[in-house]
>>> print(open('target.csv').read())   # CSV, C-alpha atoms
chain,number,residue,atom,x,y,z
A,149,MET,CA,-16.6,-8.7,-0.4
A,150,THR,CA,-14.5,-11.2,-2.2
A,151,LEU,CA,-10.9,-11.1,-3.5
A,152,GLU,CA,-12.3,-10.1,-7.0
A,153,ASN,CA,-14.3,-7.2,-5.5
A,154,VAL,CA,-11.3,-5.8,-3.7
A,155,LEU,CA,-9.1,-6.2,-6.8
A,156,LEU,CA,-11.8,-4.4,-8.8
A,157,VAL,CA,-11.7,-1.4,-6.4
A,158,SER,CA,-7.9,-1.5,-6.6
A,159,ALA,CA,-8.0,-1.5,-10.4
A,160,ALA,CA,-10.4,1.4,-10.4
A,161,LEU,CA,-8.1,3.5,-8.2
A,162,PHE,CA,-5.1,2.6,-10.3
A,163,ALA,CA,-6.9,3.5,-13.6
A,164,ILE,CA,-7.9,6.9,-12.0
A,165,GLY,CA,-4.3,7.4,-11.1
A,166,ILE,CA,-3.2,6.7,-14.7
A,167,TYR,CA,-5.8,9.1,-16.0
A,168,GLY,CA,-4.5,11.8,-13.6
A,169,VAL,CA,-0.9,11.3,-14.5
A,170,MET,CA,-1.7,11.6,-18.2
A,171,SER,CA,-4.3,14.3,-18.3
A,172,ARG,CA,-3.0,16.9,-15.8
A,173,ARG,CA,-0.3,19.5,-16.4
A,174,ASN,CA,0.4,20.6,-12.8
A,175,ILE,CA,3.3,18.6,-11.4
A,176,ILE,CA,1.8,18.5,-7.9
A,177,THR,CA,-1.5,17.0,-9.3
A,178,VAL,CA,0.6,14.4,-11.1
A,179,LEU,CA,2.4,13.5,-7.9
A,180,MET,CA,-1.0,13.1,-6.2
A,181,SER,CA,-2.1,10.8,-8.9
A,182,ILE,CA,1.0,8.7,-8.5
A,183,GLU,CA,0.2,8.4,-4.7
A,184,LEU,CA,-3.3,7.2,-5.7
A,185,MET,CA,-1.7,4.4,-7.8
A,186,PHE,CA,0.6,3.4,-4.9
A,187,ASN,CA,-2.5,3.2,-2.7
A,188,ALA,CA,-4.2,0.9,-5.3
A,189,VAL,CA,-1.3,-1.4,-5.3
A,190,VAL,CA,-1.2,-1.6,-1.5
A,191,ILE,CA,-4.9,-2.5,-1.5
A,192,ALA,CA,-4.2,-5.3,-3.9
A,193,ALA,CA,-1.4,-6.6,-1.7
A,194,ILE,CA,-3.5,-6.5,1.4
A,195,ALA,CA,-6.4,-8.2,-0.4
A,196,PHE,CA,-4.1,-11.1,-1.5
A,197,SER,CA,-2.9,-11.5,2.1
A,198,ARG,CA,-6.5,-11.6,3.4
A,199,PHE,CA,-8.0,-13.9,0.8
A,200,THR,CA,-5.3,-16.2,-0.5
A,201,ALA,CA,-3.0,-18.6,1.3
A,202,PRO,CA,0.6,-19.7,0.7
A,203,ALA,CA,1.0,-23.1,-1.0
A,204,GLY,CA,2.7,-24.4,2.2
A,205,LEU,CA,-0.7,-24.2,4.0
A,206,VAL,CA,-3.0,-25.3,1.3
A,207,ASP,CA,-1.4,-28.6,0.3
A,208,GLY,CA,-1.9,-30.0,3.8
A,209,ALA,CA,1.8,-30.5,4.4
A,210,THR,CA,2.4,-31.8,8.0
A,211,PRO,CA,3.8,-30.5,10.2
A,212,VAL,CA,2.7,-26.9,9.4
A,213,GLN,CA,5.8,-24.7,9.3
A,214,ALA,CA,5.8,-21.5,11.4
A,215,ALA,CA,7.4,-19.7,8.4
A,216,SER,CA,4.5,-20.7,6.1
A,217,VAL,CA,2.0,-19.1,8.5
A,218,ARG,CA,4.1,-16.0,8.7
A,219,LEU,CA,4.4,-15.9,4.9
A,220,ALA,CA,0.6,-15.6,4.8
A,221,LEU,CA,1.2,-11.9,5.7
A,222,THR,CA,3.7,-11.3,2.9
A,223,GLY,CA,1.3,-8.8,1.4
A,224,HIS,CA,1.4,-6.8,4.6
A,225,ALA,CA,5.2,-6.7,4.5
A,226,PHE,CA,5.0,-5.6,0.9
A,227,ALA,CA,2.6,-2.9,2.0
A,228,VAL,CA,5.1,-1.6,4.5
A,229,PHE,CA,7.8,-1.4,1.8
A,230,ILE,CA,5.5,0.3,-0.7
A,231,ILE,CA,4.3,2.9,1.8
A,232,ALA,CA,7.9,3.7,2.8
A,233,VAL,CA,9.0,4.0,-0.8
A,234,ALA,CA,6.0,6.2,-1.6
A,235,ALA,CA,6.9,8.5,1.3
A,236,ALA,CA,10.5,8.8,0.0
A,237,GLU,CA,9.2,9.4,-3.5
A,238,VAL,CA,6.8,12.2,-2.5
A,239,ALA,CA,9.5,13.9,-0.4
A,240,LEU,CA,12.0,13.9,-3.3
A,241,GLY,CA,9.3,14.7,-5.9
A,242,LEU,CA,8.2,17.8,-4.0
A,243,ALA,CA,11.8,18.8,-3.5
A,244,ILE,CA,12.3,18.7,-7.2
A,245,VAL,CA,9.0,20.7,-7.7
A,246,PHE,CA,10.4,23.4,-5.3
A,247,ALA,CA,13.7,23.5,-7.2
A,248,LEU,CA,11.9,23.8,-10.5
A,249,TYR,CA,9.7,26.5,-9.2
A,250,ARG,CA,12.6,28.5,-7.9
A,251,ALA,CA,14.5,28.1,-11.2
A,252,ARG,CA,11.6,28.7,-13.6
A,253,GLU,CA,8.6,30.1,-11.7
A,254,THR,CA,6.4,27.3,-13.0
A,255,THR,CA,4.9,24.0,-11.9
A,256,GLU,CA,3.7,22.9,-15.4
A,257,ILE,CA,5.1,19.6,-16.7
A,258,THR,CA,5.4,20.9,-20.2
A,259,ASP,CA,7.7,23.7,-19.0
A,260,ALA,CA,10.1,21.2,-17.4
A,261,ALA,CA,11.4,19.6,-20.5
A,262,VAL,CA,14.9,21.0,-20.2
A,263,MET,CA,17.0,19.8,-17.3
A,264,LYS,CA,19.8,22.4,-17.6
A,265,ASN,CA,19.0,25.8,-16.2
B,243,MET,CA,-11.7,-22.3,7.3
B,244,SER,CA,-13.0,-20.8,10.5
B,245,GLU,CA,-15.8,-18.3,10.9
B,246,THR,CA,-13.3,-15.7,12.1
B,247,LEU,CA,-12.7,-14.7,8.4
B,248,ALA,CA,-16.4,-14.8,7.4
B,249,VAL,CA,-17.7,-11.4,6.2
B,250,SER,CA,-20.7,-10.0,7.9
B,251,PRO,CA,-23.3,-8.0,5.9
B,252,VAL,CA,-22.3,-4.9,7.9
B,253,THR,CA,-18.7,-5.3,7.0
B,254,GLU,CA,-19.7,-5.9,3.4
B,255,ALA,CA,-21.7,-2.6,3.4
B,256,LEU,CA,-18.9,-0.7,5.0
B,257,PHE,CA,-16.5,-2.0,2.4
B,258,TRP,CA,-18.6,-0.7,-0.5
B,259,LEU,CA,-19.2,2.6,1.3
B,260,PHE,CA,-15.5,3.3,1.9
B,261,SER,CA,-14.6,2.0,-1.6
B,262,ALA,CA,-17.1,4.5,-3.1
B,263,LEU,CA,-15.6,7.3,-0.9
B,264,ALA,CA,-12.0,6.3,-1.9
B,265,ILE,CA,-12.9,6.2,-5.6
B,266,GLY,CA,-15.0,9.3,-5.5
B,267,GLY,CA,-12.2,11.2,-3.8
B,268,ALA,CA,-9.7,10.0,-6.3
B,269,VAL,CA,-12.0,11.1,-9.2
B,270,LEU,CA,-12.2,14.5,-7.7
B,271,VAL,CA,-8.4,14.7,-7.2
B,272,VAL,CA,-7.9,14.2,-11.0
B,273,THR,CA,-10.8,16.3,-12.2
B,274,VAL,CA,-10.9,19.4,-9.9
B,275,ARG,CA,-9.0,22.4,-11.1
B,276,ASP,CA,-8.0,24.0,-7.8
B,277,VAL,CA,-4.8,22.2,-6.6
B,278,PHE,CA,-5.5,22.8,-2.9
B,279,LYS,CA,-9.0,21.3,-3.2
B,280,ALA,CA,-7.4,18.3,-4.9
B,281,ALA,CA,-5.0,17.9,-2.0
B,282,VAL,CA,-7.9,17.9,0.5
B,283,PHE,CA,-9.8,15.3,-1.6
B,284,LEU,CA,-6.6,13.3,-1.7
B,285,ALA,CA,-6.5,13.3,2.1
B,286,GLY,CA,-10.1,12.1,2.2
B,287,SER,CA,-9.4,9.3,-0.3
B,288,PHE,CA,-6.4,8.2,1.9
B,289,ILE,CA,-8.5,8.0,5.0
B,290,ALA,CA,-11.2,5.9,3.1
B,291,VAL,CA,-8.4,3.6,1.9
B,292,ALA,CA,-7.2,3.3,5.5
B,293,ALA,CA,-10.7,2.2,6.5
B,294,ILE,CA,-10.6,-0.5,3.7
B,295,TYR,CA,-7.3,-1.8,5.3
B,296,PHE,CA,-9.1,-2.1,8.6
B,297,ILE,CA,-12.0,-4.0,7.0
B,298,LEU,CA,-9.4,-6.3,5.4
B,299,GLN,CA,-8.0,-7.0,8.9
B,300,ALA,CA,-4.8,-5.2,8.3
B,301,GLU,CA,-4.9,-3.0,11.4
B,302,PHE,CA,-1.2,-2.2,11.4
B,303,ILE,CA,-1.2,-1.1,7.7
B,304,GLY,CA,-4.3,0.9,8.3
B,305,VAL,CA,-2.7,2.9,11.2
B,306,VAL,CA,0.5,3.4,9.1
B,307,GLN,CA,-1.7,4.6,6.2
B,308,ILE,CA,-3.3,7.2,8.5
B,309,LEU,CA,0.1,8.3,10.0
B,310,VAL,CA,2.1,8.4,6.8
B,311,TYR,CA,-0.4,9.2,4.1
B,312,ALA,CA,-3.2,11.1,5.8
B,313,GLY,CA,-0.7,12.7,8.1
B,314,ALA,CA,2.7,13.3,6.6
B,315,VAL,CA,2.1,13.1,2.8
B,316,SER,CA,-1.1,15.2,2.8
B,317,ILE,CA,0.5,17.9,4.9
B,318,LEU,CA,3.6,17.9,2.8
B,319,ILE,CA,1.5,18.3,-0.4
B,320,ALA,CA,-0.6,21.0,1.3
B,321,PHE,CA,2.5,22.9,2.3
B,322,ALA,CA,3.9,22.6,-1.3
B,323,VAL,CA,0.7,24.0,-2.7
B,324,MET,CA,0.7,26.9,-0.2
B,325,ILE,CA,4.3,27.8,-0.6
B,326,ILE,CA,4.3,27.6,-4.4
B,327,ALA,CA,0.9,29.4,-4.7
B,328,ASP,CA,1.3,29.3,-8.4
B,329,VAL,CA,-2.4,28.4,-9.0
B,330,PRO,CA,-4.0,31.2,-10.9
B,331,GLY,CA,-4.9,28.8,-13.6
B,332,GLY,CA,-5.1,25.9,-11.3
B,333,SER,CA,-4.2,22.5,-12.7
B,334,ARG,CA,-5.0,22.9,-16.3
B,335,PRO,CA,-5.8,19.7,-18.2
B,336,ALA,CA,-3.3,18.6,-20.8
B,337,LYS,CA,-4.2,18.0,-24.4
B,338,GLY,CA,-4.5,14.3,-24.5
B,339,ARG,CA,-7.5,13.8,-22.2
B,340,ILE,CA,-9.3,11.4,-24.4
B,341,LEU,CA,-6.1,9.4,-24.9
B,342,ALA,CA,-5.6,9.4,-21.1
B,343,ALA,CA,-9.2,8.2,-20.5
B,344,ALA,CA,-8.7,5.5,-23.1
B,345,ALA,CA,-5.5,4.3,-21.5
B,346,ALA,CA,-7.0,4.3,-18.0
B,347,GLY,CA,-10.1,2.4,-19.2
B,348,LEU,CA,-7.9,-0.1,-21.0
B,349,MET,CA,-5.8,-0.6,-17.9
B,350,PHE,CA,-8.9,-1.1,-15.7
B,351,ALA,CA,-10.4,-3.6,-18.2
B,352,ALA,CA,-7.1,-5.6,-18.2
B,353,LEU,CA,-6.8,-5.6,-14.4
B,354,ALA,CA,-10.5,-6.6,-13.9
B,355,PHE,CA,-10.2,-9.3,-16.5
B,356,THR,CA,-7.1,-10.7,-14.7
B,357,ALA,CA,-8.8,-10.5,-11.3
B,358,TYR,CA,-11.8,-12.5,-12.5
B,359,ASN,CA,-10.0,-15.0,-14.7
B,360,THR,CA,-7.2,-16.2,-12.5
B,361,GLY,CA,-7.6,-19.3,-10.2
B,362,TRP,CA,-6.4,-17.7,-7.0
B,363,THR,CA,-5.5,-20.1,-4.2
B,364,ASP,CA,-8.4,-19.3,-1.9
B,365,ILE,CA,-7.7,-19.2,1.8
B,366,GLU,CA,-10.9,-21.3,2.3
B,367,GLN,CA,-8.9,-24.2,0.9
B,368,VAL,CA,-6.8,-24.3,4.0
B,369,THR,CA,-8.4,-27.1,6.0
B,370,ASP,CA,-5.5,-28.5,8.2
B,371,GLU,CA,-6.5,-27.8,11.8
B,372,ASN,CA,-3.0,-26.6,12.8
B,373,ALA,CA,-2.7,-24.3,9.7
B,374,VAL,CA,-6.2,-22.8,10.4
B,375,ALA,CA,-5.1,-22.1,14.0
B,376,GLY,CA,-1.9,-20.5,12.8
B,377,LEU,CA,-3.9,-18.1,10.6
B,378,THR,CA,-6.9,-17.2,12.7
B,379,GLY,CA,-6.9,-19.1,16.1
B,380,ALA,CA,-4.6,-19.7,19.0
B,381,TYR,CA,-1.5,-21.7,18.4
B,382,TYR,CA,1.9,-22.7,19.9
B,383,GLU,CA,5.2,-22.7,18.0
B,384,GLU,CA,7.4,-25.6,18.9
B,385,GLU,CA,10.5,-27.4,17.8
B,386,PRO,CA,9.8,-30.3,15.5
B,387,ALA,CA,10.3,-33.6,17.2
B,388,GLY,CA,13.8,-35.0,17.3
B,389,SER,CA,15.7,-31.8,16.7
B,390,GLU,CA,16.0,-30.4,20.2
B,391,ASP,CA,19.8,-30.2,20.0
B,392,ASP,CA,19.8,-28.5,16.6
B,393,SER,CA,20.4,-24.8,17.3
B,394,GLU,CA,19.6,-23.7,13.7
B,395,SER,CA,16.1,-25.1,13.7
B,396,ALA,CA,14.6,-21.8,15.0
B,397,GLY,CA,13.3,-21.0,11.5
B,398,ALA,CA,11.9,-24.4,11.1
B,399,ARG,CA,9.5,-24.3,14.0
B,400,VAL,CA,6.2,-25.9,13.5
B,401,ILE,CA,2.6,-24.8,14.4
B,402,ARG,CA,0.3,-26.6,16.8
B,403,ALA,CA,-3.3,-25.6,17.4
B,404,ALA,CA,-3.8,-24.7,21.1
B,405,GLU,CA,-6.3,-26.5,23.2
B,406,GLU,CA,-9.4,-24.5,23.9
B,407,GLY,CA,-9.0,-22.1,26.9
B,408,SER,CA,-5.3,-22.8,27.3
B,409,GLU,CA,-3.0,-19.9,28.3
B,410,GLY,CA,0.1,-18.6,26.6
B,411,ALA,CA,-1.0,-19.4,23.1
B,412,ARG,CA,-0.3,-16.8,20.4
B,413,ALA,CA,-3.2,-15.4,18.3
B,414,GLY,CA,-3.3,-16.4,14.6
B,415,ALA,CA,-1.3,-14.4,12.0
B,416,LEU,CA,-4.3,-12.7,10.5
B,417,ILE,CA,-5.6,-11.7,13.9
B,418,ASP,CA,-2.3,-10.6,15.4
B,419,SER,CA,-1.0,-9.1,12.2
B,420,THR,CA,1.3,-6.5,13.9
B,421,GLY,CA,3.4,-9.1,15.7
B,422,THR,CA,3.7,-11.3,12.7
B,423,ILE,CA,4.7,-8.5,10.4
B,424,GLY,CA,7.5,-7.6,12.9
B,425,THR,CA,8.8,-11.2,12.8
B,426,LEU,CA,8.4,-11.3,9.0
B,427,LEU,CA,10.5,-8.1,8.6
B,428,ILE,CA,13.4,-9.3,10.7
B,429,ARG,CA,13.4,-12.9,9.5
B,430,GLU,CA,12.3,-13.4,5.9
B,431,PHE,CA,12.6,-9.8,4.6
B,432,VAL,CA,15.6,-8.5,6.7
B,433,LEU,CA,17.7,-7.5,3.7
B,434,PRO,CA,14.9,-5.5,1.9
B,435,PHE,CA,14.1,-4.0,5.3
B,436,GLU,CA,17.7,-2.7,5.8
B,437,ILE,CA,17.8,-1.4,2.2
B,438,LEU,CA,14.6,0.5,2.9
B,439,GLY,CA,16.3,2.2,5.8
B,440,LEU,CA,19.2,3.2,3.5
B,441,LEU,CA,16.7,4.4,0.9
B,442,LEU,CA,14.8,6.6,3.4
B,443,THR,CA,18.1,8.1,4.6
B,444,ALA,CA,19.2,8.7,1.0
B,445,ALA,CA,15.8,10.3,0.1
B,446,LEU,CA,16.0,12.6,3.1
B,447,ILE,CA,19.6,13.8,2.3
B,448,GLY,CA,18.8,14.0,-1.4
B,449,GLY,CA,15.6,16.0,-0.7
B,450,LEU,CA,17.5,18.5,1.4
B,451,ALA,CA,20.3,18.7,-1.2
B,452,VAL,CA,17.8,19.4,-4.0
B,453,MET,CA,15.9,21.9,-1.9
B,454,ARG,CA,19.0,23.9,-1.1
B,455,GLY,CA,19.5,24.4,-4.8
B,456,VAL,CA,22.7,24.6,-6.7
B,457,ARG,CA,24.6,27.6,-5.5
B,458,THR,CA,27.4,29.1,-7.4
B,459,THR,CA,30.5,28.5,-5.4
B,460,ASP,CA,32.1,32.0,-5.9
B,461,LYS,CA,30.9,34.0,-2.9
>>> encode(input="target.csv", output="structure tokens")
Amino acid sequence: MTLENVLLVSAALFAIGIYGVMSRRNIITVLMSIELMFNAVVIAAIAFSRFTAPAGLVDGATPVQAASVRLALTGHAFAVFIIAVAAAEVALGLAIVFALYRARETTEITDAAVMKN
Amino acid sequence: MSETLAVSPVTEALFWLFSALAIGGAVLVVTVRDVFKAAVFLAGSFIAVAAIYFILQAEFIGVVQILVYAGAVSILIAFAVMIIADVPGGSRPAKGRILAAAAAGLMFAALAFTAYNTGWTDIEQVTDENAVAGLTGAYYEEEPAGSEDDSESAGARVIRAAEEGSEGARAGALIDSTGTIGTLLIREFVLPFEILGLLLTAALIGGLAVMRGVRTTDK
């Protein structure tokens, strides 16, 4: 398990998400694929936190700043932000799916090309 | 770097196992025709990803993943599928499947190439005793010498490795990730953090507004 291995898993999940977004017609499946891509990005952020270090720690600067040590977990903070944004995205996305279903009785992307009712 | 971050063979095996589960679940999500089954596989994939976070020593993110994704998002999607119930044909594939597969393959190749051909700053390069303690061991934070009367030096505190067996020392950032994330969010990332709260409120209100639908005002 090295940084490259974890990034490879992340890349695989991201590619599957792209395939899902492009190859499916049901809006809910497309939303699920987008969630897969969010997950892939979070895995990459966590992997960078775990396997790389901020420059302030590597160059042997003395004394070691407390902020540099905290910034080693920047990836975790990014993960918190990404997860929160993804939660907001899926809530809004499903609200739009409901609105579309009520207006058109459909959940197919190709039927949603017109925004006006 | 200390042995705390060394990867044991068991961890290694678990990582590949959960990676396989996450990727397998994801493949089923995008290939299976029944939308409800896809939602179930998605929840499975989320849980496998949470396990990967635990393996990568991100306990807090792992728990958040289970709460938010495996809990809230999966249930939300399952409810959406059940309420809409518009799945006689399931999720029919679109026309450009070959194009989609090509784009996904190309993206994977580009990401893998970047991962293996970039000189990442490896955490093993951290050799300073105090820095290692700050990341994985026990440490103290203290004011730098000669700045006791400077009230604005709180952000410029320095790290000292704790003596073995001494009390009151804090665990290293990678070990005590939850506490460090909390400090990070209210110090370095306080503005994004506040904006995030605003975004969540706006998404909540916006979601409700969209769900209620546009009613004609003449009653």
>>> closest_atom_pairs(input="target.csv", of="range 152-255 of chain A", to="range 353-376 of chain B", cutoff="8 Å", atoms="all atoms listed in the file", output="Markdown table")
| residue | atom | partner | partner_atom | distance |
| --- | --- | --- | --- | --- |
| A:Glu152 | CA | B:Ala357 | CA | 5.6 |
| A:Leu155 | CA | B:Ala357 | CA | 6.2 |
| A:Leu156 | CA | B:Ala354 | CA | 5.7 |
| A:Ala159 | CA | B:Leu353 | CA | 5.9 |
| A:Arg198 | CA | B:Ile365 | CA | 7.9 |
| A:Phe199 | CA | B:Ile365 | CA | 5.4 |
| A:Thr200 | CA | B:Ile365 | CA | 4.5 |
| A:Ala201 | CA | B:Ile365 | CA | 4.8 |
| A:Pro202 | CA | B:Thr363 | CA | 7.8 |
| A:Ala203 | CA | B:Thr363 | CA | 7.8 |
| A:Leu205 | CA | B:Ala373 | CA | 6.0 |
| A:Val206 | CA | B:Val368 | CA | 4.8 |
| A:Asp207 | CA | B:Val368 | CA | 7.8 |
| A:Gly208 | CA | B:Asp370 | CA | 5.9 |
| A:Val212 | CA | B:Ala373 | CA | 6.0 |
| A:Ala214 | CA | B:Gly376 | CA | 7.9 |
| A:Val217 | CA | B:Gly376 | CA | 6.0 |
>>> atom_distance(input="target.csv", atom1="CA of Ile447 in chain B", atom2="CA of Thr425 in chain B")
29.2 Å
>>> atom_distance(input="target.csv", atom1="CA of Asn153 in chain A", atom2="CA of Phe226 in chain A")
20.4 Å
>>> residues_around(input="target.csv", residues="Ser197 in chain A", least_positions_apart="2", cutoff="12 Å", atoms="only C-alpha atoms", output="ChimeraX atom specification")
/A:151,154,190-195,199-202,217-227 /B:295,298-300,303,362-365,377,415-416,419,423
>>> residues_around(input="target.csv", residues="Phe162 in chain A", least_positions_apart="3", cutoff="7 Å", atoms="all atoms listed in the file", output="list in words")
Ser158, Ala159, Gly165, Ile166, Leu184, Met185 and Ala188 of chain A
>>> closest_residue(input="target.csv", among="B:Val269, B:Ile317, B:Ile297, B:Ile437", to="chain A", atoms="only C-alpha atoms")
B:Val269
>>> atom_distance(input="target.csv", atom1="CA of Val272 in chain B", atom2="CA of Ile176 in chain A")
11.1 Å
>>> closest_residue(input="target.csv", among="A:Phe196, A:Ala236, A:Ile230, A:Gly204", to="chain B", atoms="only C-alpha atoms")
A:Ala236
>>> closest_residue(input="target.csv", among="B:Leu348, B:Ala343, B:Val277, B:Val310", to="Arg173 in chain A", atoms="all atoms listed in the file")
B:Val277
>>> closest_residue(input="target.csv", among="A:Asn187, A:Thr150, A:Thr177, A:Gln213", to="Val228 in chain A", atoms="all atoms listed in the file")
A:Asn187
>>> decode(input="target.csv", residues="range 217-238 of chain A", atoms="N, CA and C atoms", output="compact mmCIF listing (two decimals), in the first residue's frame")
# COMPACT_ATOMS: atom_id res chain seq x y z
N VAL A 217 2.55 21.23 11.30
CA VAL A 217 2.09 19.89 11.67
C VAL A 217 0.60 19.77 11.40
N ARG A 218 -0.16 20.84 11.76
CA ARG A 218 -1.61 20.80 11.49
C ARG A 218 -1.87 20.66 10.00
N LEU A 219 -1.08 21.40 9.18
CA LEU A 219 -1.33 21.40 7.73
C LEU A 219 -1.05 20.04 7.11
N ALA A 220 -0.39 19.14 7.84
CA ALA A 220 -0.24 17.77 7.33
C ALA A 220 -1.60 17.13 7.14
N LEU A 221 -2.64 17.65 7.83
CA LEU A 221 -3.98 17.08 7.71
C LEU A 221 -4.89 17.92 6.81
N THR A 222 -4.30 18.74 5.95
CA THR A 222 -5.12 19.53 5.02
C THR A 222 -6.06 18.64 4.22
N GLY A 223 -5.56 17.45 3.82
CA GLY A 223 -6.40 16.54 3.06
C GLY A 223 -7.66 16.15 3.81
N HIS A 224 -7.54 15.97 5.13
CA HIS A 224 -8.72 15.62 5.92
C HIS A 224 -9.71 16.77 5.93
N ALA A 225 -9.20 18.01 6.08
CA ALA A 225 -10.10 19.16 6.07
C ALA A 225 -10.81 19.25 4.71
N PHE A 226 -10.05 19.02 3.63
CA PHE A 226 -10.66 19.02 2.29
C PHE A 226 -11.74 17.95 2.20
N ALA A 227 -11.46 16.79 2.81
CA ALA A 227 -12.45 15.70 2.77
C ALA A 227 -13.74 16.14 3.45
N VAL A 228 -13.62 16.84 4.59
CA VAL A 228 -14.82 17.32 5.28
C VAL A 228 -15.60 18.24 4.34
N PHE A 229 -14.90 19.17 3.68
CA PHE A 229 -15.58 20.10 2.78
C PHE A 229 -16.26 19.35 1.63
N ILE A 230 -15.52 18.40 1.03
CA ILE A 230 -16.07 17.69 -0.13
C ILE A 230 -17.31 16.90 0.26
N ILE A 231 -17.25 16.23 1.44
CA ILE A 231 -18.40 15.43 1.86
C ILE A 231 -19.61 16.33 2.10
N ALA A 232 -19.38 17.50 2.72
CA ALA A 232 -20.51 18.39 2.98
C ALA A 232 -21.11 18.91 1.67
N VAL A 233 -20.23 19.29 0.72
CA VAL A 233 -20.73 19.79 -0.57
C VAL A 233 -21.48 18.68 -1.30
N ALA A 234 -20.96 17.44 -1.23
CA ALA A 234 -21.63 16.32 -1.90
C ALA A 234 -22.99 16.07 -1.31
N ALA A 235 -23.10 16.21 0.03
CA ALA A 235 -24.41 16.01 0.67
C ALA A 235 -25.39 17.07 0.19
N ALA A 236 -24.93 18.33 0.13
CA ALA A 236 -25.81 19.40 -0.37
C ALA A 236 -26.20 19.13 -1.81
N GLU A 237 -25.22 18.64 -2.60
CA GLU A 237 -25.47 18.38 -4.02
C GLU A 237 -26.52 17.30 -4.21
N VAL A 238 -26.43 16.22 -3.45
CA VAL A 238 -27.38 15.13 -3.66
C VAL A 238 -28.77 15.53 -3.18
